[in-house]
>>> print(open('final-v6.cif').read())   # mmCIF, C-alpha atoms and all ligand atoms
data_final
#
loop_
_atom_site.label_atom_id
_atom_site.label_comp_id
_atom_site.auth_asym_id
_atom_site.auth_seq_id
_atom_site.Cartn_x
_atom_site.Cartn_y
_atom_site.Cartn_z
CA MET T 1 136.68 117.70 107.51
CA LEU T 2 133.74 115.97 105.87
CA GLY T 3 130.71 116.37 108.10
CA ILE T 4 126.94 116.28 107.94
CA ASP T 5 125.78 119.89 107.87
CA LEU T 6 122.03 120.53 107.77
CA SER T 7 122.17 124.06 109.15
CA GLY T 8 119.57 126.32 107.57
CA LYS T 9 117.39 123.31 106.67
CA ARG T 10 113.94 122.57 108.05
CA ALA T 11 112.67 119.00 108.53
CA LEU T 12 109.22 117.60 109.08
CA VAL T 13 109.26 114.26 110.87
CA ALA T 14 105.88 112.50 110.86
CA GLY T 15 105.30 109.72 113.40
CA VAL T 16 106.74 110.92 116.71
CA ALA T 17 104.72 110.59 119.90
CA ASP T 18 107.39 109.59 122.43
CA ASP T 19 111.17 109.30 122.68
CA GLY T 20 111.33 105.57 122.02
CA GLY T 21 110.92 105.17 118.27
CA PHE T 22 112.88 105.76 115.08
CA GLY T 23 111.10 109.05 114.39
CA PHE T 24 112.42 110.61 117.59
CA ALA T 25 115.95 109.32 116.94
CA ILE T 26 115.83 110.70 113.40
CA ALA T 27 114.50 114.07 114.59
CA LYS T 28 117.32 114.29 117.10
CA ALA T 29 120.04 113.34 114.61
CA LEU T 30 118.72 115.90 112.10
CA ALA T 31 118.77 118.56 114.84
CA GLU T 32 122.28 117.56 115.87
CA ALA T 33 123.33 118.16 112.25
CA GLY T 34 121.85 121.66 112.49
CA ALA T 35 118.34 121.27 111.05
CA THR T 36 115.23 122.84 112.55
CA VAL T 37 112.66 120.12 113.22
CA CYS T 38 108.86 120.15 113.11
CA LEU T 39 106.85 117.06 114.00
CA GLY T 40 103.61 115.50 112.81
CA THR T 41 101.91 113.53 115.57
CA TRP T 42 98.87 111.24 115.46
CA PRO T 43 95.98 112.99 117.29
CA PRO T 44 95.23 110.09 119.66
CA ALA T 45 98.82 110.30 120.96
CA LEU T 46 99.29 114.08 120.74
CA GLY T 47 97.90 115.09 124.14
CA ILE T 48 100.04 112.58 126.03
CA PHE T 49 103.12 113.55 124.02
CA ARG T 50 102.64 117.26 124.75
CA THR T 51 102.13 116.50 128.45
CA LEU T 52 105.31 114.40 128.58
CA LEU T 53 107.24 117.26 126.98
CA GLU T 54 105.72 119.94 129.23
CA ARG T 55 106.35 117.96 132.41
CA GLY T 56 109.98 117.38 131.48
CA LYS T 57 109.56 113.60 131.29
CA LEU T 58 111.53 113.46 128.03
CA ASP T 59 114.25 115.90 129.10
CA ALA T 60 116.97 113.26 129.38
CA SER T 61 116.34 112.15 125.78
CA LEU T 62 116.24 115.76 124.56
CA VAL T 63 119.75 116.62 125.74
CA MET T 64 121.94 117.57 122.78
CA PRO T 65 125.67 116.77 122.58
CA ASP T 66 126.50 120.44 123.26
CA GLY T 67 124.46 120.33 126.49
CA GLY T 68 121.51 122.24 125.00
CA LYS T 69 117.97 120.88 124.79
CA LEU T 70 116.27 119.82 121.60
CA ALA T 71 113.19 121.96 120.95
CA PHE T 72 110.69 121.17 118.21
CA GLU T 73 109.73 124.22 116.19
CA ARG T 74 106.13 123.02 115.77
CA ILE T 75 104.18 119.89 116.64
CA TYR T 76 101.32 119.50 114.18
CA PRO T 77 98.43 117.08 114.53
CA LEU T 78 98.53 114.60 111.65
CA ASP T 79 96.39 111.60 110.84
CA ALA T 80 98.11 110.23 107.74
CA ASP T 81 95.10 108.05 106.98
CA PHE T 82 93.37 111.10 105.51
CA ASP T 83 94.45 113.15 102.50
CA VAL T 84 92.00 116.03 102.89
CA ASP T 85 89.75 117.22 105.72
CA GLN T 86 86.57 116.00 103.97
CA ASP T 87 87.87 112.39 104.19
CA LEU T 88 87.47 112.28 107.99
CA PRO T 89 84.39 110.32 109.05
CA ALA T 90 81.90 112.23 111.24
CA GLU T 91 82.45 110.08 114.35
CA LEU T 92 86.21 110.70 114.26
CA ARG T 93 85.67 114.43 113.76
CA GLU T 94 83.61 114.46 116.97
CA ASN T 95 86.11 112.36 118.90
CA ARG T 96 87.59 114.35 121.80
CA ARG T 97 91.13 113.77 120.52
CA TYR T 98 90.26 115.24 117.13
CA ARG T 99 87.55 117.86 117.53
CA GLU T 100 89.80 120.73 118.61
CA GLN T 101 92.70 119.93 116.31
CA GLY T 102 91.37 121.47 113.10
CA ASP T 103 92.38 119.88 109.80
CA VAL T 104 94.56 116.86 110.67
CA SER T 105 94.82 115.53 107.10
CA VAL T 106 98.02 115.43 105.04
CA GLN T 107 96.76 118.41 103.05
CA GLY T 108 95.93 120.16 106.35
CA LEU T 109 99.56 119.69 107.40
CA ALA T 110 100.76 121.16 104.11
CA ASP T 111 98.42 124.15 104.55
CA ARG T 112 99.60 124.81 108.12
CA LEU T 113 103.26 124.64 107.11
CA ARG T 114 102.61 127.09 104.28
CA ALA T 115 100.69 129.45 106.60
CA ASP T 116 103.43 129.30 109.25
CA PHE T 117 106.53 129.51 107.08
CA GLY T 118 105.66 130.45 103.48
CA GLU T 119 105.52 128.66 100.14
CA THR T 120 108.66 126.51 100.36
CA PRO T 121 109.39 125.96 104.04
CA LEU T 122 110.88 122.44 103.95
CA ASP T 123 114.03 120.57 102.92
CA ILE T 124 113.54 117.19 104.56
CA VAL T 125 110.43 115.05 105.09
CA VAL T 126 110.49 111.83 107.11
CA HIS T 127 107.64 109.32 107.21
CA SER T 128 108.13 107.22 110.34
CA LEU T 129 104.66 105.87 110.91
CA ALA T 130 102.72 102.68 110.39
CA ASN T 131 99.59 101.03 111.65
CA GLY T 132 97.98 97.69 110.94
CA PRO T 133 94.83 97.05 112.97
CA GLU T 134 95.09 93.30 112.35
CA VAL T 135 98.89 93.01 112.58
CA LYS T 136 98.63 90.07 114.97
CA LYS T 137 96.57 88.03 112.51
CA PRO T 138 98.19 85.83 109.84
CA LEU T 139 97.49 86.95 106.29
CA LEU T 140 95.17 83.97 105.82
CA GLU T 141 92.94 85.37 108.58
CA THR T 142 93.23 89.05 107.69
CA SER T 143 90.06 90.82 106.55
CA ARG T 144 90.01 92.94 103.41
CA LYS T 145 89.24 95.94 105.61
CA GLY T 146 92.22 95.31 107.89
CA TYR T 147 94.54 94.69 104.96
CA LEU T 148 93.51 97.87 103.16
CA ALA T 149 93.76 99.87 106.39
CA ALA T 150 97.36 98.70 106.86
CA VAL T 151 98.26 99.60 103.29
CA GLY T 152 96.43 102.94 103.49
CA VAL T 153 98.09 104.20 106.67
CA SER T 154 101.48 102.59 106.25
CA ALA T 155 102.13 102.90 102.49
CA TYR T 156 99.71 105.17 100.62
CA SER T 157 100.29 107.86 103.26
CA PHE T 158 103.87 108.18 102.00
CA ALA T 159 102.72 108.72 98.41
CA SER T 160 100.23 111.28 99.72
CA MET T 161 102.94 113.08 101.69
CA VAL T 162 105.32 113.21 98.74
CA ALA T 163 102.52 114.50 96.48
CA ARG T 164 101.21 117.13 98.91
CA LEU T 165 104.47 118.24 100.55
CA GLY T 166 106.63 117.95 97.41
CA PRO T 167 105.74 121.48 96.24
CA LEU T 168 106.65 122.86 99.71
CA VAL T 169 110.11 121.34 99.65
CA ARG T 170 112.97 123.43 98.32
CA PRO T 171 114.84 122.00 95.30
CA GLY T 172 117.14 119.12 96.20
CA GLY T 173 114.89 117.99 99.03
CA SER T 174 114.92 114.60 100.68
CA PHE T 175 112.02 112.30 101.51
CA LEU T 176 112.54 109.22 103.66
CA ALA T 177 110.32 106.39 104.94
CA LEU T 178 110.96 103.42 107.21
CA THR T 179 110.41 99.84 106.13
CA TYR T 180 110.98 96.33 107.40
CA MET T 181 112.29 93.23 105.64
CA ALA T 182 108.96 91.41 106.08
CA SER T 183 108.28 93.05 102.70
CA GLU T 184 110.63 90.61 100.96
CA ARG T 185 111.10 87.65 103.35
CA VAL T 186 108.56 85.80 105.47
CA ILE T 187 108.47 87.04 109.06
CA PRO T 188 105.86 84.87 110.82
CA GLY T 189 103.75 87.07 113.10
CA TYR T 190 104.13 90.31 111.10
CA GLY T 191 100.64 90.00 109.72
CA GLY T 192 97.47 91.90 108.97
CA GLY T 193 98.74 93.04 105.58
CA MET T 194 101.69 94.88 107.15
CA SER T 195 104.17 92.85 105.09
CA SER T 196 102.18 93.80 101.97
CA ALA T 197 102.17 97.46 103.08
CA LYS T 198 105.95 97.46 103.43
CA ALA T 199 106.34 95.85 99.99
CA ALA T 200 104.14 98.59 98.54
CA LEU T 201 106.11 101.25 100.42
CA GLU T 202 109.42 100.03 98.98
CA SER T 203 108.06 99.76 95.46
CA ASP T 204 106.45 103.19 95.72
CA THR T 205 109.76 104.63 96.91
CA ARG T 206 111.31 103.73 93.54
CA THR T 207 108.41 105.17 91.54
CA LEU T 208 108.15 108.27 93.71
CA ALA T 209 111.90 108.82 93.40
CA TYR T 210 111.54 108.87 89.63
CA GLU T 211 108.46 111.10 89.60
CA ALA T 212 109.54 113.52 92.36
CA GLY T 213 113.06 113.60 90.95
CA ARG T 214 111.87 114.64 87.52
CA LYS T 215 109.21 117.00 88.85
CA TRP T 216 111.03 118.79 91.67
CA GLY T 217 114.56 117.41 91.89
CA HIS T 218 113.79 115.70 95.21
CA ARG T 219 115.23 112.40 96.38
CA VAL T 220 113.10 109.61 97.88
CA ASN T 221 114.58 106.73 99.88
CA VAL T 222 113.58 104.17 102.45
CA ILE T 223 115.54 102.72 105.37
CA SER T 224 114.94 99.05 106.10
CA ALA T 225 115.64 98.87 109.82
CA GLY T 226 116.35 95.84 111.96
CA PRO T 227 114.01 95.09 114.87
CA TRP T 228 113.77 97.71 117.63
CA ALA T 229 111.51 97.70 120.69
CA SER T 230 109.57 100.88 119.96
CA ARG T 231 106.04 101.36 121.22
CA ALA T 232 104.59 100.22 117.87
CA ALA T 233 106.86 97.16 117.61
CA SER T 234 106.21 96.15 121.21
CA ALA T 235 102.50 96.11 120.43
CA ILE T 236 103.10 93.30 117.92
CA GLY T 237 104.13 91.14 120.85
CA PHE T 238 107.33 89.21 120.00
CA ILE T 239 109.80 92.02 119.38
CA ASP T 240 112.28 90.76 122.00
CA THR T 241 112.48 87.39 120.22
CA MET T 242 113.09 89.17 116.89
CA ILE T 243 115.87 91.30 118.38
CA GLN T 244 117.50 88.26 119.98
CA TYR T 245 117.26 86.21 116.77
CA CYS T 246 118.80 88.96 114.64
CA GLN T 247 121.54 89.54 117.17
CA GLU T 248 122.47 85.85 117.07
CA ASN T 249 122.35 85.55 113.29
CA SER T 250 123.64 88.83 111.85
CA PRO T 251 127.12 89.50 110.47
CA LEU T 252 127.46 92.05 113.30
CA PRO T 253 126.13 90.09 116.29
CA GLU T 254 124.59 92.99 118.19
CA PRO T 255 121.22 94.75 118.26
CA ILE T 256 120.72 97.90 116.21
CA SER T 257 120.25 101.22 117.96
CA ALA T 258 117.67 103.83 117.00
CA ARG T 259 120.54 106.29 116.79
CA GLU T 260 122.10 104.31 113.94
CA VAL T 261 118.85 104.75 112.01
CA GLY T 262 118.87 108.46 112.95
CA THR T 263 122.40 109.11 111.74
CA THR T 264 121.77 107.21 108.50
CA ALA T 265 118.69 109.37 107.95
CA ALA T 266 120.75 112.52 108.57
CA PHE T 267 123.37 111.37 106.05
CA LEU T 268 120.72 110.56 103.45
CA ALA T 269 119.08 113.96 103.95
CA SER T 270 122.38 115.78 103.60
CA PRO T 271 124.19 116.81 100.41
CA LEU T 272 126.54 113.88 101.12
CA GLY T 273 123.68 111.60 100.06
CA GLY T 274 123.00 113.70 96.96
CA GLY T 275 123.51 110.79 94.56
CA ILE T 276 121.20 108.38 96.39
CA THR T 277 117.54 108.08 95.47
CA GLY T 278 115.00 105.32 94.90
CA THR T 279 116.97 103.08 97.24
CA THR T 280 116.30 100.79 100.18
CA ILE T 281 119.15 101.23 102.68
CA TYR T 282 119.49 98.49 105.29
CA VAL T 283 120.33 99.49 108.85
CA ASP T 284 120.14 96.00 110.31
CA LYS T 285 123.69 94.91 111.20
CA GLY T 286 123.72 93.06 107.89
CA TYR T 287 120.98 90.58 108.76
CA HIS T 288 119.32 90.92 105.32
CA SER T 289 122.35 89.40 103.62
CA MET T 290 122.17 86.11 105.54
CA GLY T 291 120.82 82.93 103.95
CA MET T 292 121.02 80.57 106.91
CA ALA T 293 120.44 81.00 110.62
CA ILE T 294 123.72 80.54 112.51
CA SER T 295 121.82 79.74 115.68
CA HIS T 296 120.25 76.70 113.97
CA ARG T 297 123.46 75.29 112.45
N1 LIG T 301 110.51 99.00 115.46
C1 LIG T 301 110.90 98.16 114.52
O1 LIG T 301 111.33 97.04 114.79
C2 LIG T 301 110.83 98.59 113.06
C3 LIG T 301 111.64 97.92 112.12
C4 LIG T 301 111.59 98.35 110.80
C5 LIG T 301 110.78 99.42 110.44
N2 LIG T 301 110.01 100.04 111.39
C6 LIG T 301 109.17 101.17 110.96
O2 LIG T 301 109.62 102.36 111.57
C7 LIG T 301 108.55 103.31 111.55
C8 LIG T 301 108.40 103.95 112.92
O3 LIG T 301 107.96 102.97 113.84
P1 LIG T 301 108.62 102.71 115.26
O4 LIG T 301 108.86 101.23 115.35
O5 LIG T 301 109.75 103.63 115.49
O6 LIG T 301 107.41 102.98 116.26
P2 LIG T 301 106.77 104.30 116.89
O7 LIG T 301 105.68 103.82 117.77
O8 LIG T 301 107.81 105.18 117.48
O9 LIG T 301 106.21 105.07 115.60
C9 LIG T 301 105.01 104.80 114.97
C10 LIG T 301 104.23 106.10 114.95
O10 LIG T 301 103.16 106.02 114.01
C11 LIG T 301 102.15 106.85 114.51
N3 LIG T 301 100.91 106.61 113.77
C12 LIG T 301 100.13 105.49 113.74
N4 LIG T 301 99.06 105.68 112.95
C13 LIG T 301 99.17 106.95 112.45
C14 LIG T 301 98.37 107.75 111.59
N5 LIG T 301 97.23 107.29 111.08
N6 LIG T 301 98.77 109.01 111.31
C15 LIG T 301 99.91 109.51 111.84
N7 LIG T 301 100.71 108.79 112.66
C16 LIG T 301 100.35 107.54 112.96
C17 LIG T 301 102.11 106.51 115.99
O11 LIG T 301 101.44 107.49 116.74
C18 LIG T 301 103.60 106.45 116.31
O12 LIG T 301 104.06 107.71 116.73
C19 LIG T 301 107.30 102.54 111.08
O13 LIG T 301 107.12 102.74 109.69
C20 LIG T 301 107.72 101.10 111.35
O14 LIG T 301 107.01 100.17 110.57
C21 LIG T 301 110.04 99.66 112.68
#
>>> encode(input="final-v6.cif", output="structure tokens", more="lines below")
Ligand SMILES: NC(=O)c1ccc[n+]([C@@H]2O[C@H](COP(=O)([O-])OP(=O)(O)OC[C@H]3O[C@@H](n4cnc5c(N)ncnc54)[C@H](O)[C@@H]3O)[C@@H](O)[C@H]2O)c1
Amino acid sequence: MLGIDLSGKRALVAGVADDGGFGFAIAKALAEAGATVCLGTWPPALGIFRTLLERGKLDASLVMPDGGKLAFERIYPLDADFDVDQDLPAELRENRRYREQGDVSVQGLADRLRADFGETPLDIVVHSLANGPEVKKPLLETSRKGYLAAVGVSAYSFASMVARLGPLVRPGGSFLALTYMASERVIPGYGGGMSSAKAALESDTRTLAYEAGRKWGHRVNVISAGPWASRAASAIGFIDTMIQYCQENSPLPEPISAREVGTTAAFLASPLGGGITGTTIYVDKGYHSMGMAISHR
């Protein structure tokens, strides 16, 4: 029987700080397929996430199909806004959420993985993180600083991760990021340069696929997911309207589930996806293919 088998593989999923987002669903699907999973978590959210895990608040979400409990091999602090330790500004370094975490940069993550598991400890890397400090502002009102911050954290961080983790990934590895169709169509309200960041992320995916493919034999893809009420999406403010609109106007008139994104990620990371690289895969119930809103007919 054809099945997704990731046993013996190790994954690093960056951008998990609760059980409500795509990163968690992807981590779980990878584990269900047999992979060992390490996480990279943003320092401001790390303490709360660890407490939730320790107090058993996420136990229901951690239950595996065989009745066991999903356990993360490591949870590393990661601020994907910084490539090397020296890039951290002094005030952040002294911040109570950062000062005891050591090197939280992308390179710091690579160094910790190497120290913990050796020279080539990884097979799968997932980038499931984004941040746009001015996301609620239209592009016309977005500052240069806010725009560049969105692009830095949400797009450049992926290029940085592929560059710095690429050498740690065993041949035939898989990199994956998460995007949103605001990169290619106007989604009013998805502002602050976030639409630009997603466009950059998708374009970079193609270039990185070429470069990482030729350099290491790795694959690089991006999933364009439909709207989902994660913590990050809920912060934008109109996620329920987006979900409702897509449900009404998609070929499959139902909301997406985070699990569907997770299982697609597991397939892409597996040898079954071995011919797929440089691609944007839509997990959106087909909404991207529509040209007219049914609900407005
Ligand atoms: N929710 C949606 O509707 C939707 C749709 C399409 C794509 N996406 C994308 O999916 C990905 C995951 O988002 P989500 O919606 O599951 O929300 P989420 O809140 O679960 O994940 C976002 C994560 O990014 C982390 N983060 C923010 N800044 C960071 C930094 N500087 N360094 C490291 N981590 C940082 C947050 O701590 C959080 O854990 C994002 O790229 C998002 O844009 C989301």
>>> atom_distance(input="final-v6.cif", atom1="atom CA of T:Leu92", atom2="atom CA of T:Val125")
26.3 Å
>>> residues_near_ligand(input="final-v6.cif", ligand="ligand LIG 301 (chain T)", cutoff="7 Å", atoms="only C-alpha atoms and all ligand atoms", output="PyMOL selection string")
chain T and resi 14-18+20-23+41-42+45+78-81+128-131+153-154+177-180+224-233+239
>>> closest_atom_pairs(input="final-v6.cif", of="stretch 139-177 of chain T", to="stretch 197-202 of chain T", cutoff="7 Å", atoms="only C-alpha atoms", output="JSON lines")
{"residue": "T:Ala150", "atom": "CA", "partner": "T:Ala197", "partner_atom": "CA", "distance": 6.2}
{"residue": "T:Val151", "atom": "CA", "partner": "T:Ala197", "partner_atom": "CA", "distance": 4.5}
{"residue": "T:Ser154", "atom": "CA", "partner": "T:Ala197", "partner_atom": "CA", "distance": 6.1}
{"residue": "T:Ala155", "atom": "CA", "partner": "T:Leu201", "partner_atom": "CA", "distance": 4.8}
>>> residues_around(input="final-v6.cif", residues="T:Gly189", least_positions_apart="6", cutoff="10 Å", atoms="only C-alpha atoms", output="list of chain:residue names")
T:Val135, T:Lys136, T:Lys137, T:Pro138, T:Leu139, T:Ala182, T:Ser195, T:Ile236, T:Gly237, T:Phe238
>>> atom_distance(input="final-v6.cif", atom1="atom CA of T:Lys9", atom2="atom CA of T:Ser157")
23.3 Å
